[in-house]
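What follows is a set of notes on a single structure, which appears directly below.
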Amino acid sequence: MTWQAIVRNEAVRLSDVEPSNESAYVQKVLQPLGVKYALSLPLSGPVLDGYPGAVHLFRTADQGDFTAEEIAALQKQVQIFEVDMDQARASHRKPNDVDPVIARPPVSIAVVDNNLNTHTPAGAWDHVDGGLRNNIVEQAKRQFVQINGTEVHLDRINLPDSHGDQWVFNRVVYKSYPALSDGPVTFFCLQPECADWSNVKATDLQADPEVSRLMPAVRFMHTEYSRGPTLAEISQQVRLSPFHFHRRFTELLGMTPKQYMLACQIHQAKTELLAGRKTLAQIARDCGFAHQSHFTSRFKQAAGLTPTRWRRMALRRTHAASDNGN
């Protein structure tokens, strides 16, 4: 129900997608709890802005299924919740958290089925850069050819758009995903910016206590990344051993602590490049790189372009967007 609600961008009842009540979800999860009816309501960004989710409501047989009138009333409550969330995020955001990325893709999650049909929340696929769209579909096509006995495959990939700007995606390939397709399905999730994670509070993740526990370490890394804190220092923030912290952080956030801190460095470097007030050597030093050549090498690896070329491209895109707006 979760993914049906997200890709349709509408409320979905259990009876709409599981009329036979024969699925493992119904028989092994809901029935033992005495639940017969369920409703999934889509959320545009319950934790991270732009990263969709859903809220589930459940009822017993005696309570009856959700009516159209009840669903409409619940959707109004969801809208109020999302307005409150947007206002809370705006109040927590600091000036230096402004995303310097030009024309960030309008969708954070894209699902490609085995027929190479793409599903995105709110049908925003047509607004994604053409080059990036082609690369997502091509990557999915390659993965479907390479599927073997593994039920789930997870990795990180960098995909460029038509301007040469590079985006980091977590890619998950399921050999089977009946909720969305009769065959394999590939999920592409755009990696959140480091500033997005730094604004998340532990209370925002009450439903997932393991991720919630990691948030103090995330904020610590976001503050201290330029000096390169050790893994031992970082893990102390959440009272875990370095080994256990590294493993859980990587599993739950889809990147290693080192990759997260590099993302913070690149994010800050892009901000400085667009501001145009510092030399490359100064940016390299202030962002925590050993020297300018190291900065240039890591920046190109992460962004797909050298710092100078990225700045030129970003400014050109900014001016073009401004001209189109006028």
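Ordered as shown in the structure tokens, chains take letters A, B, and onward, while each chain numbers its residues from 1 and ligands are numbered from 1 in the order shown.
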
Checklist entry - Which residues, written as number ranges by chain, have at least one atom at most 7 Å from range 285-290 of chain A, with only C-alpha atoms counted and residues fewer than 4 positions away on the same chain left out? => result A: 226-227, 265, 268-269, 281, 294-295

Take the residues from that selection and put them in a file with N, CA and C atoms, as a compact mmCIF listing (two decimals), in the first residue's frame.
```
# COMPACT_ATOMS: atom_id res chain seq x y z
N SER A 226 35.25 19.76 8.27
CA SER A 226 36.41 20.44 7.67
C SER A 226 37.72 20.08 8.34
N ARG A 227 37.67 19.64 9.60
CA ARG A 227 38.90 19.25 10.29
C ARG A 227 39.14 17.74 10.23
N GLN A 265 31.77 18.47 2.40
CA GLN A 265 32.85 19.27 1.82
C GLN A 265 32.47 19.78 0.43
N GLN A 268 29.75 22.53 0.63
CA GLN A 268 30.30 23.83 1.02
C GLN A 268 31.14 24.43 -0.09
N ALA A 269 31.89 23.58 -0.79
CA ALA A 269 32.72 24.07 -1.89
C ALA A 269 31.86 24.67 -2.99
N ALA A 281 42.39 27.78 -3.95
CA ALA A 281 43.25 27.37 -2.84
C ALA A 281 42.59 27.66 -1.50
N HIS A 294 44.22 18.15 -4.58
CA HIS A 294 43.38 17.13 -3.96
C HIS A 294 41.91 17.55 -4.03
N PHE A 295 41.66 18.82 -3.78
CA PHE A 295 40.31 19.36 -3.87
C PHE A 295 39.76 19.19 -5.28
```

Checklist entry - If we count only C-alpha atoms, what is near His246 in chain A at a cut-off of 12 Å, once residues fewer than 2 positions away on the same chain are taken out, given as a PyMOL selection string? => result chain A and resi 214+217-218+230-236+238+240-244+248-260

Next, write the just-selected residues to a file, as a PDB file, in the first residue's frame, keeping C-alpha atoms as the atom set.
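Below is the file selection-v1.pdb, written as the result:
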```
ATOM      1  CA  LEU A 214      22.525   8.246  14.766  1.00  0.00           C
ATOM      2  CA  ALA A 217      26.658  11.865  15.038  1.00  0.00           C
ATOM      3  CA  VAL A 218      25.267  13.256  11.775  1.00  0.00           C
ATOM      4  CA  THR A 230      38.202  10.375  13.320  1.00  0.00           C
ATOM      5  CA  LEU A 231      35.708   7.544  13.285  1.00  0.00           C
ATOM      6  CA  ALA A 232      36.339   7.055  17.005  1.00  0.00           C
ATOM      7  CA  GLU A 233      35.408  10.688  17.703  1.00  0.00           C
ATOM      8  CA  ILE A 234      32.251  10.409  15.652  1.00  0.00           C
ATOM      9  CA  SER A 235      31.095   7.114  17.154  1.00  0.00           C
ATOM     10  CA  GLN A 236      31.569   8.513  20.666  1.00  0.00           C
ATOM     11  CA  VAL A 238      26.274   8.057  20.010  1.00  0.00           C
ATOM     12  CA  LEU A 240      28.834   3.016  19.840  1.00  0.00           C
ATOM     13  CA  SER A 241      32.062   1.272  18.936  1.00  0.00           C
ATOM     14  CA  PRO A 242      33.654   2.592  15.704  1.00  0.00           C
ATOM     15  CA  PHE A 243      33.018  -0.736  13.973  1.00  0.00           C
ATOM     16  CA  HIS A 244      29.352  -0.969  14.980  1.00  0.00           C
ATOM     17  CA  ARG A 248      24.906   0.717  11.105  1.00  0.00           C
ATOM     18  CA  PHE A 249      25.434   4.188   9.598  1.00  0.00           C
ATOM     19  CA  THR A 250      26.261   2.674   6.213  1.00  0.00           C
ATOM     20  CA  GLU A 251      23.327   0.269   6.290  1.00  0.00           C
ATOM     21  CA  LEU A 252      20.768   2.839   7.381  1.00  0.00           C
ATOM     22  CA  LEU A 253      21.841   5.974   5.489  1.00  0.00           C
ATOM     23  CA  GLY A 254      23.164   4.299   2.344  1.00  0.00           C
ATOM     24  CA  MET A 255      26.661   5.815   2.570  1.00  0.00           C
ATOM     25  CA  THR A 256      29.692   5.565   4.810  1.00  0.00           C
ATOM     26  CA  PRO A 257      30.573   8.273   7.355  1.00  0.00           C
ATOM     27  CA  LYS A 258      33.520   9.213   5.126  1.00  0.00           C
ATOM     28  CA  GLN A 259      31.218   9.619   2.130  1.00  0.00           C
ATOM     29  CA  TYR A 260      28.873  11.783   4.199  1.00  0.00           C
TER      30      TYR A 260
END
```

Contacts of range 154-258 of chain A with range 123-135 of chain A up to 7 Å, shortest pair per row, only C-alpha atoms, as JSON lines:
```
{"residue": "A:Leu159", "atom": "CA", "partner": "A:Asn135", "partner_atom": "CA", "distance": 6.5}
{"residue": "A:Pro160", "atom": "CA", "partner": "A:Leu132", "partner_atom": "CA", "distance": 6.1}
{"residue": "A:Asp161", "atom": "CA", "partner": "A:Leu132", "partner_atom": "CA", "distance": 4.3}
{"residue": "A:Ser162", "atom": "CA", "partner": "A:Gly131", "partner_atom": "CA", "distance": 4.3}
```

Item to check | Expected answer as a PyMOL selection string: strand (DSSP E or B) residues in range 123-180 of chain A | outcome: chain A and resi 152-160+166-174

Print the selection's residues with N, CA and C atoms to a file, as a PDB file, in the first residue's frame.
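Output (again_16.pdb):
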```pdb
ATOM      1  N   VAL A 152      17.816  -9.032  -3.700  1.00  0.00           N
ATOM      2  CA  VAL A 152      17.916  -7.577  -3.578  1.00  0.00           C
ATOM      3  C   VAL A 152      19.366  -7.167  -3.772  1.00  0.00           C
ATOM      4  N   HIS A 153      19.581  -6.158  -4.589  1.00  0.00           N
ATOM      5  CA  HIS A 153      20.940  -5.651  -4.828  1.00  0.00           C
ATOM      6  C   HIS A 153      20.952  -4.152  -4.571  1.00  0.00           C
ATOM      7  N   LEU A 154      21.892  -3.680  -3.761  1.00  0.00           N
ATOM      8  CA  LEU A 154      21.980  -2.264  -3.391  1.00  0.00           C
ATOM      9  C   LEU A 154      23.355  -1.717  -3.725  1.00  0.00           C
ATOM     10  N   ASP A 155      23.400  -0.527  -4.345  1.00  0.00           N
ATOM     11  CA  ASP A 155      24.671   0.148  -4.572  1.00  0.00           C
ATOM     12  C   ASP A 155      24.438   1.647  -4.756  1.00  0.00           C
ATOM     13  N   ARG A 156      25.533   2.382  -4.874  1.00  0.00           N
ATOM     14  CA  ARG A 156      25.495   3.828  -5.116  1.00  0.00           C
ATOM     15  C   ARG A 156      26.075   4.101  -6.493  1.00  0.00           C
ATOM     16  N   ILE A 157      25.409   4.980  -7.234  1.00  0.00           N
ATOM     17  CA  ILE A 157      25.903   5.314  -8.565  1.00  0.00           C
ATOM     18  C   ILE A 157      25.829   6.827  -8.773  1.00  0.00           C
ATOM     19  N   ASN A 158      26.719   7.332  -9.618  1.00  0.00           N
ATOM     20  CA  ASN A 158      26.717   8.739 -10.021  1.00  0.00           C
ATOM     21  C   ASN A 158      26.172   8.833 -11.436  1.00  0.00           C
ATOM     22  N   LEU A 159      25.131   9.647 -11.617  1.00  0.00           N
ATOM     23  CA  LEU A 159      24.516   9.802 -12.930  1.00  0.00           C
ATOM     24  C   LEU A 159      24.550  11.261 -13.356  1.00  0.00           C
ATOM     25  N   PRO A 160      25.095  11.564 -14.540  1.00  0.00           N
ATOM     26  CA  PRO A 160      25.139  12.955 -15.007  1.00  0.00           C
ATOM     27  C   PRO A 160      23.849  13.368 -15.701  1.00  0.00           C
ATOM     28  N   GLN A 166      26.678  16.030 -11.978  1.00  0.00           N
ATOM     29  CA  GLN A 166      26.564  14.638 -11.576  1.00  0.00           C
ATOM     30  C   GLN A 166      25.772  14.518 -10.277  1.00  0.00           C
ATOM     31  N   TRP A 167      24.897  13.514 -10.223  1.00  0.00           N
ATOM     32  CA  TRP A 167      24.026  13.311  -9.066  1.00  0.00           C
ATOM     33  C   TRP A 167      24.244  11.919  -8.496  1.00  0.00           C
ATOM     34  N   VAL A 168      24.231  11.820  -7.174  1.00  0.00           N
ATOM     35  CA  VAL A 168      24.460  10.543  -6.504  1.00  0.00           C
ATOM     36  C   VAL A 168      23.112   9.910  -6.166  1.00  0.00           C
ATOM     37  N   PHE A 169      22.940   8.669  -6.596  1.00  0.00           N
ATOM     38  CA  PHE A 169      21.724   7.925  -6.317  1.00  0.00           C
ATOM     39  C   PHE A 169      22.050   6.638  -5.571  1.00  0.00           C
ATOM     40  N   ASN A 170      21.195   6.276  -4.625  1.00  0.00           N
ATOM     41  CA  ASN A 170      21.196   4.927  -4.083  1.00  0.00           C
ATOM     42  C   ASN A 170      20.269   4.105  -4.963  1.00  0.00           C
ATOM     43  N   ARG A 171      20.790   3.002  -5.479  1.00  0.00           N
ATOM     44  CA  ARG A 171      20.012   2.167  -6.392  1.00  0.00           C
ATOM     45  C   ARG A 171      19.729   0.820  -5.724  1.00  0.00           C
ATOM     46  N   VAL A 172      18.458   0.438  -5.709  1.00  0.00           N
ATOM     47  CA  VAL A 172      18.070  -0.848  -5.137  1.00  0.00           C
ATOM     48  C   VAL A 172      17.310  -1.630  -6.202  1.00  0.00           C
ATOM     49  N   VAL A 173      17.787  -2.832  -6.504  1.00  0.00           N
ATOM     50  CA  VAL A 173      17.145  -3.680  -7.508  1.00  0.00           C
ATOM     51  C   VAL A 173      16.490  -4.862  -6.804  1.00  0.00           C
ATOM     52  N   TYR A 174      15.193  -5.017  -7.001  1.00  0.00           N
ATOM     53  CA  TYR A 174      14.454  -6.150  -6.448  1.00  0.00           C
ATOM     54  C   TYR A 174      14.153  -7.144  -7.567  1.00  0.00           C
TER      55      TYR A 174
END
```
